[in-house]
Amino acid sequence: MYFWRCGHHVNERGKNQTCSITNARLYHSIEKDLLETGSVWKVYTWTLPVVKHTINILGTETTVISQTYHAYESCCIKKYKEITGHIPLMCDNCDPIYIKKPKNKIEMKSQVFMIGQNNQTRKMTTQYPKPNIKEMFNKLNDCHFDKEIPNIPVVWNNRMTTTAGTCRSQNFRVKKIDLCNKLFKTLAYDPAKIENTLIHEMVHAYLIHKFKERGHTPRFQQMMKNITGEDKNHRCHNYNTKGLKRKMAKKIRCECLRCGLIYYKVRMPSSLMKNPNECFYTHRGCGGVITFKALKNKK
C-alpha cells in the first residue's frame, strides 16, 4: 500500500499542519481492502478497567489512575502472534514495554528486533518486500501529475550510495529516474520513504518536461508542499547513510599556482583527460591556474 496520505489535517495538530501518517495509512489500507478485495472487517473493543493507586508524593498521599492501554495492547499483540505466527500488519511501529525483551538479535521473516545497550531500548521495524517502483511511478503520475510525465524508465540503481534518487535529463528531455537500492535496503524498503523520494524526482521530471526548469526552485518547493502536505525545505533527505559511501583513495594532487592551495581528488577531471592541451581549471578563490598530478602511492 503506497498512498497513505489523505491530504487533510486538523487544527489540533498545531503548527505541523499535516495529517497523521499513521491514521492516513489505516484509513487508506482499510478503504483499499474494502473496495478492491471485498474483505469483511471486524472491530473489537474493550472497556478498560480503572485501576487506582495511592502513592506518597512529597509527603502527600495521592491517588493516581494507572494507564492500562499499553498493557492491553501488548497482550493483544502477543495473543495474535501466538495464533498467527506474526504481529498484526498495522503494529509495526508499536513497542510494547510489557513483552519480555530478548537477550540478543533475533531475525524473523517479517520483523527485525534490534536490542539496545543493556537491553534497555528496542527498535522494531518491518522488512517490507521490494516494491515495483515503475508501478508506483504510474500511480503517482496519474494521481498528482495528470499523466503529463513521459513514460520513462524508473529503476533501482545499485551503484548509487548516499543519494536517495536522481532524475536524469538531457537537453531538457527527461530520460530516467534512479532510486538508490543500497540506501532503501537499509531502510527495509519502507514504502513511505520510497514514495517520498520518488515524488521528489517526479516533480523534477515534471518541471523539466513542462517548464524546462531544473533545481529546487520555489515552484518545485510549492509542488512538493502541495503533494506531500509537508511545509519544509524539500532539497535533501536526512536518511542515515553511514557505512554506505564507498571509500576511494584520492590519488590526484591539485595545486593552485597563485595562492599555493593544495587538495586531493579521487580522479582526474574528464575534460582535462580528453583535451590536456586546451583545457585548464582556475581556483575560484584567487583565479590562479590549478595543476593536477597523479600520485602512485597516495592512499
# chains A, B, ... in the order shown; residues from 1 in each chain; ligands from 1
>>> residues_around(residues="Leu295 in chain A", least_positions_apart="5", cutoff="8 Å", atoms="only C-alpha atoms", output="PDB file with C-alpha atoms, in the first residue's frame")
ATOM      1  CA  LYS A 251      45.323   9.882  -5.844  1.00  0.00           C
ATOM      2  CA  ILE A 252      45.186  13.212  -7.691  1.00  0.00           C
ATOM      3  CA  ARG A 253      47.134  16.117  -6.151  1.00  0.00           C
TER       4      ARG A 253
END
>>> residues_around(residues="range 48-58 of chain A", least_positions_apart="2", cutoff="12 Å", atoms="only C-alpha atoms", output="PyMOL selection string")
chain A and resi 45-46+60-73
>>> closest_residue(among="A:Arg246, A:Lys296, A:His144, A:Lys79", to="Ile227 in chain A", atoms="only C-alpha atoms")
A:His144
>>> select_by_dssp(residues="range 32-259 of chain A", states="strand (DSSP E)", output="PyMOL selection string")
chain A and resi 51-57+60-66+106-107+111-115+122-126+154-157+165-170+173-180+252-256
>>> write_last_selection(atoms="C-alpha atoms", output="compact mmCIF listing (two decimals), in the first residue's frame")
# COMPACT_ATOMS: atom_id res chain seq x y z
CA VAL A 51 -7.03 0.99 38.19
CA LYS A 52 -6.24 3.38 41.04
CA HIS A 53 -3.14 3.51 43.21
CA THR A 54 -2.36 5.62 46.24
CA ILE A 55 1.22 6.83 46.43
CA ASN A 56 3.12 9.32 48.55
CA ILE A 57 4.19 12.42 46.64
CA THR A 60 1.03 13.85 50.48
CA GLU A 61 -1.00 10.67 49.90
CA THR A 62 -2.15 10.99 46.30
CA THR A 63 -4.47 8.76 44.27
CA VAL A 64 -3.39 8.23 40.65
CA ILE A 65 -5.09 6.29 37.84
CA SER A 66 -2.85 3.80 36.03
CA ILE A 106 16.58 -12.15 16.56
CA GLU A 107 15.67 -12.11 12.89
CA GLN A 111 10.18 -8.39 11.79
CA VAL A 112 13.69 -7.44 12.84
CA PHE A 113 14.32 -6.74 16.54
CA MET A 114 17.35 -4.62 17.44
CA ILE A 115 18.44 -4.73 21.06
CA ARG A 122 14.47 -1.79 21.50
CA LYS A 123 13.68 -0.76 17.96
CA MET A 124 11.30 -2.83 15.86
CA THR A 125 10.95 -2.35 12.11
CA THR A 126 9.13 -4.24 9.41
CA VAL A 154 12.24 4.02 -13.30
CA VAL A 155 14.91 1.68 -11.99
CA TRP A 156 16.80 0.58 -8.88
CA ASN A 157 20.40 1.77 -9.10
CA GLY A 165 17.27 9.30 -6.03
CA THR A 166 18.07 11.20 -9.18
CA CYS A 167 16.19 12.40 -12.26
CA ARG A 168 18.35 12.19 -15.39
CA SER A 169 17.73 14.50 -18.34
CA GLN A 170 19.49 15.71 -21.45
CA ARG A 173 14.33 15.91 -22.12
CA VAL A 174 13.67 13.60 -19.18
CA LYS A 175 15.47 10.27 -19.64
CA LYS A 176 15.23 8.19 -16.47
CA ILE A 177 14.66 8.13 -12.72
CA ASP A 178 17.03 6.16 -10.48
CA LEU A 179 16.46 5.19 -6.86
CA CYS A 180 19.28 4.03 -4.61
CA ILE A 252 45.19 13.21 -7.69
CA ARG A 253 47.13 16.12 -6.15
CA CYS A 254 45.68 19.54 -7.03
CA GLU A 255 47.69 22.72 -6.50
CA CYS A 256 46.92 26.37 -7.24
>>> select_by_dssp(residues="range 213-249 of chain A", states="alpha helix (DSSP H)", output="compact mmCIF listing (two decimals) with C-alpha atoms, in the first residue's frame")
# COMPACT_ATOMS: atom_id res chain seq x y z
CA PRO A 218 10.26 27.99 -5.50
CA ARG A 219 7.86 26.23 -7.88
CA PHE A 220 9.47 22.89 -7.01
CA GLN A 221 9.11 23.60 -3.27
CA GLN A 222 5.46 24.58 -3.69
CA MET A 223 4.61 21.45 -5.67
CA MET A 224 6.27 19.24 -3.05
CA LYS A 225 4.30 21.00 -0.33
CA ASN A 226 1.03 20.57 -2.22
CA ILE A 227 1.59 16.86 -2.84
CA THR A 228 3.11 15.75 0.47
>>> decode(residues="range 32-59 of chain A", atoms="N, CA and C atoms", output="PDB file, in the first residue's frame")
ATOM      1  N   LYS A  32      -8.905   0.569   0.793  1.00  0.00           N
ATOM      2  CA  LYS A  32      -8.455  -0.233  -0.349  1.00  0.00           C
ATOM      3  C   LYS A  32      -8.912  -1.683  -0.205  1.00  0.00           C
ATOM      4  N   ASP A  33      -8.818  -2.219   1.002  1.00  0.00           N
ATOM      5  CA  ASP A  33      -9.196  -3.609   1.225  1.00  0.00           C
ATOM      6  C   ASP A  33     -10.699  -3.812   1.025  1.00  0.00           C
ATOM      7  N   LEU A  34     -11.495  -2.867   1.513  1.00  0.00           N
ATOM      8  CA  LEU A  34     -12.944  -2.988   1.380  1.00  0.00           C
ATOM      9  C   LEU A  34     -13.408  -2.832  -0.061  1.00  0.00           C
ATOM     10  N   LEU A  35     -12.828  -1.855  -0.769  1.00  0.00           N
ATOM     11  CA  LEU A  35     -13.294  -1.544  -2.121  1.00  0.00           C
ATOM     12  C   LEU A  35     -12.756  -2.506  -3.174  1.00  0.00           C
ATOM     13  N   GLU A  36     -11.494  -2.931  -3.023  1.00  0.00           N
ATOM     14  CA  GLU A  36     -10.867  -3.706  -4.090  1.00  0.00           C
ATOM     15  C   GLU A  36     -10.904  -5.202  -3.866  1.00  0.00           C
ATOM     16  N   THR A  37     -10.926  -5.641  -2.617  1.00  0.00           N
ATOM     17  CA  THR A  37     -10.900  -7.088  -2.372  1.00  0.00           C
ATOM     18  C   THR A  37     -12.198  -7.609  -1.774  1.00  0.00           C
ATOM     19  N   GLY A  38     -13.079  -6.697  -1.368  1.00  0.00           N
ATOM     20  CA  GLY A  38     -14.343  -7.130  -0.799  1.00  0.00           C
ATOM     21  C   GLY A  38     -14.217  -7.814   0.547  1.00  0.00           C
ATOM     22  N   SER A  39     -13.165  -7.498   1.281  1.00  0.00           N
ATOM     23  CA  SER A  39     -12.948  -8.120   2.578  1.00  0.00           C
ATOM     24  C   SER A  39     -13.971  -7.637   3.600  1.00  0.00           C
ATOM     25  N   VAL A  40     -14.132  -8.425   4.642  1.00  0.00           N
ATOM     26  CA  VAL A  40     -15.011  -8.064   5.754  1.00  0.00           C
ATOM     27  C   VAL A  40     -14.149  -7.775   6.974  1.00  0.00           C
ATOM     28  N   TRP A  41     -14.332  -6.612   7.564  1.00  0.00           N
ATOM     29  CA  TRP A  41     -13.553  -6.213   8.731  1.00  0.00           C
ATOM     30  C   TRP A  41     -14.408  -6.317   9.994  1.00  0.00           C
ATOM     31  N   LYS A  42     -13.829  -6.846  11.052  1.00  0.00           N
ATOM     32  CA  LYS A  42     -14.469  -6.903  12.356  1.00  0.00           C
ATOM     33  C   LYS A  42     -13.670  -6.048  13.333  1.00  0.00           C
ATOM     34  N   VAL A  43     -14.377  -5.239  14.108  1.00  0.00           N
ATOM     35  CA  VAL A  43     -13.727  -4.353  15.070  1.00  0.00           C
ATOM     36  C   VAL A  43     -14.111  -4.788  16.475  1.00  0.00           C
ATOM     37  N   TYR A  44     -13.116  -4.983  17.323  1.00  0.00           N
ATOM     38  CA  TYR A  44     -13.353  -5.404  18.699  1.00  0.00           C
ATOM     39  C   TYR A  44     -12.925  -4.283  19.649  1.00  0.00           C
ATOM     40  N   THR A  45     -13.710  -4.039  20.651  1.00  0.00           N
ATOM     41  CA  THR A  45     -13.379  -3.004  21.629  1.00  0.00           C
ATOM     42  C   THR A  45     -13.493  -3.576  23.037  1.00  0.00           C
ATOM     43  N   TRP A  46     -12.747  -2.986  23.946  1.00  0.00           N
ATOM     44  CA  TRP A  46     -12.807  -3.362  25.355  1.00  0.00           C
ATOM     45  C   TRP A  46     -13.014  -2.105  26.192  1.00  0.00           C
ATOM     46  N   THR A  47     -13.778  -2.239  27.249  1.00  0.00           N
ATOM     47  CA  THR A  47     -13.866  -1.175  28.240  1.00  0.00           C
ATOM     48  C   THR A  47     -12.783  -1.439  29.277  1.00  0.00           C
ATOM     49  N   LEU A  48     -11.773  -0.601  29.280  1.00  0.00           N
ATOM     50  CA  LEU A  48     -10.626  -0.845  30.148  1.00  0.00           C
ATOM     51  C   LEU A  48     -10.978  -0.527  31.594  1.00  0.00           C
ATOM     52  N   PRO A  49     -10.495  -1.327  32.525  1.00  0.00           N
ATOM     53  CA  PRO A  49     -10.793  -1.072  33.938  1.00  0.00           C
ATOM     54  C   PRO A  49     -10.042   0.153  34.450  1.00  0.00           C
ATOM     55  N   VAL A  50     -10.638   0.830  35.390  1.00  0.00           N
ATOM     56  CA  VAL A  50      -9.987   1.975  36.034  1.00  0.00           C
ATOM     57  C   VAL A  50      -9.208   1.448  37.235  1.00  0.00           C
ATOM     58  N   VAL A  51      -7.905   1.507  37.136  1.00  0.00           N
ATOM     59  CA  VAL A  51      -7.032   0.992  38.194  1.00  0.00           C
ATOM     60  C   VAL A  51      -6.430   2.181  38.941  1.00  0.00           C
ATOM     61  N   LYS A  52      -6.717   2.253  40.237  1.00  0.00           N
ATOM     62  CA  LYS A  52      -6.236   3.377  41.036  1.00  0.00           C
ATOM     63  C   LYS A  52      -5.172   2.906  42.030  1.00  0.00           C
ATOM     64  N   HIS A  53      -4.195   3.767  42.232  1.00  0.00           N
ATOM     65  CA  HIS A  53      -3.144   3.506  43.212  1.00  0.00           C
ATOM     66  C   HIS A  53      -2.968   4.738  44.085  1.00  0.00           C
ATOM     67  N   THR A  54      -2.659   4.511  45.339  1.00  0.00           N
ATOM     68  CA  THR A  54      -2.363   5.620  46.242  1.00  0.00           C
ATOM     69  C   THR A  54      -0.872   5.624  46.542  1.00  0.00           C
ATOM     70  N   ILE A  55      -0.226   6.715  46.219  1.00  0.00           N
ATOM     71  CA  ILE A  55       1.221   6.826  46.429  1.00  0.00           C
ATOM     72  C   ILE A  55       1.518   8.111  47.180  1.00  0.00           C
ATOM     73  N   ASN A  56       2.703   8.148  47.793  1.00  0.00           N
ATOM     74  CA  ASN A  56       3.123   9.317  48.552  1.00  0.00           C
ATOM     75  C   ASN A  56       3.948  10.223  47.656  1.00  0.00           C
ATOM     76  N   ILE A  57       3.471  11.430  47.443  1.00  0.00           N
ATOM     77  CA  ILE A  57       4.188  12.418  46.638  1.00  0.00           C
ATOM     78  C   ILE A  57       4.521  13.607  47.519  1.00  0.00           C
ATOM     79  N   LEU A  58       5.777  13.767  47.863  1.00  0.00           N
ATOM     80  CA  LEU A  58       6.248  14.887  48.686  1.00  0.00           C
ATOM     81  C   LEU A  58       5.464  14.989  49.999  1.00  0.00           C
ATOM     82  N   GLY A  59       5.246  13.803  50.587  1.00  0.00           N
ATOM     83  CA  GLY A  59       4.577  13.782  51.878  1.00  0.00           C
ATOM     84  C   GLY A  59       3.067  13.795  51.821  1.00  0.00           C
TER      85      GLY A  59
END
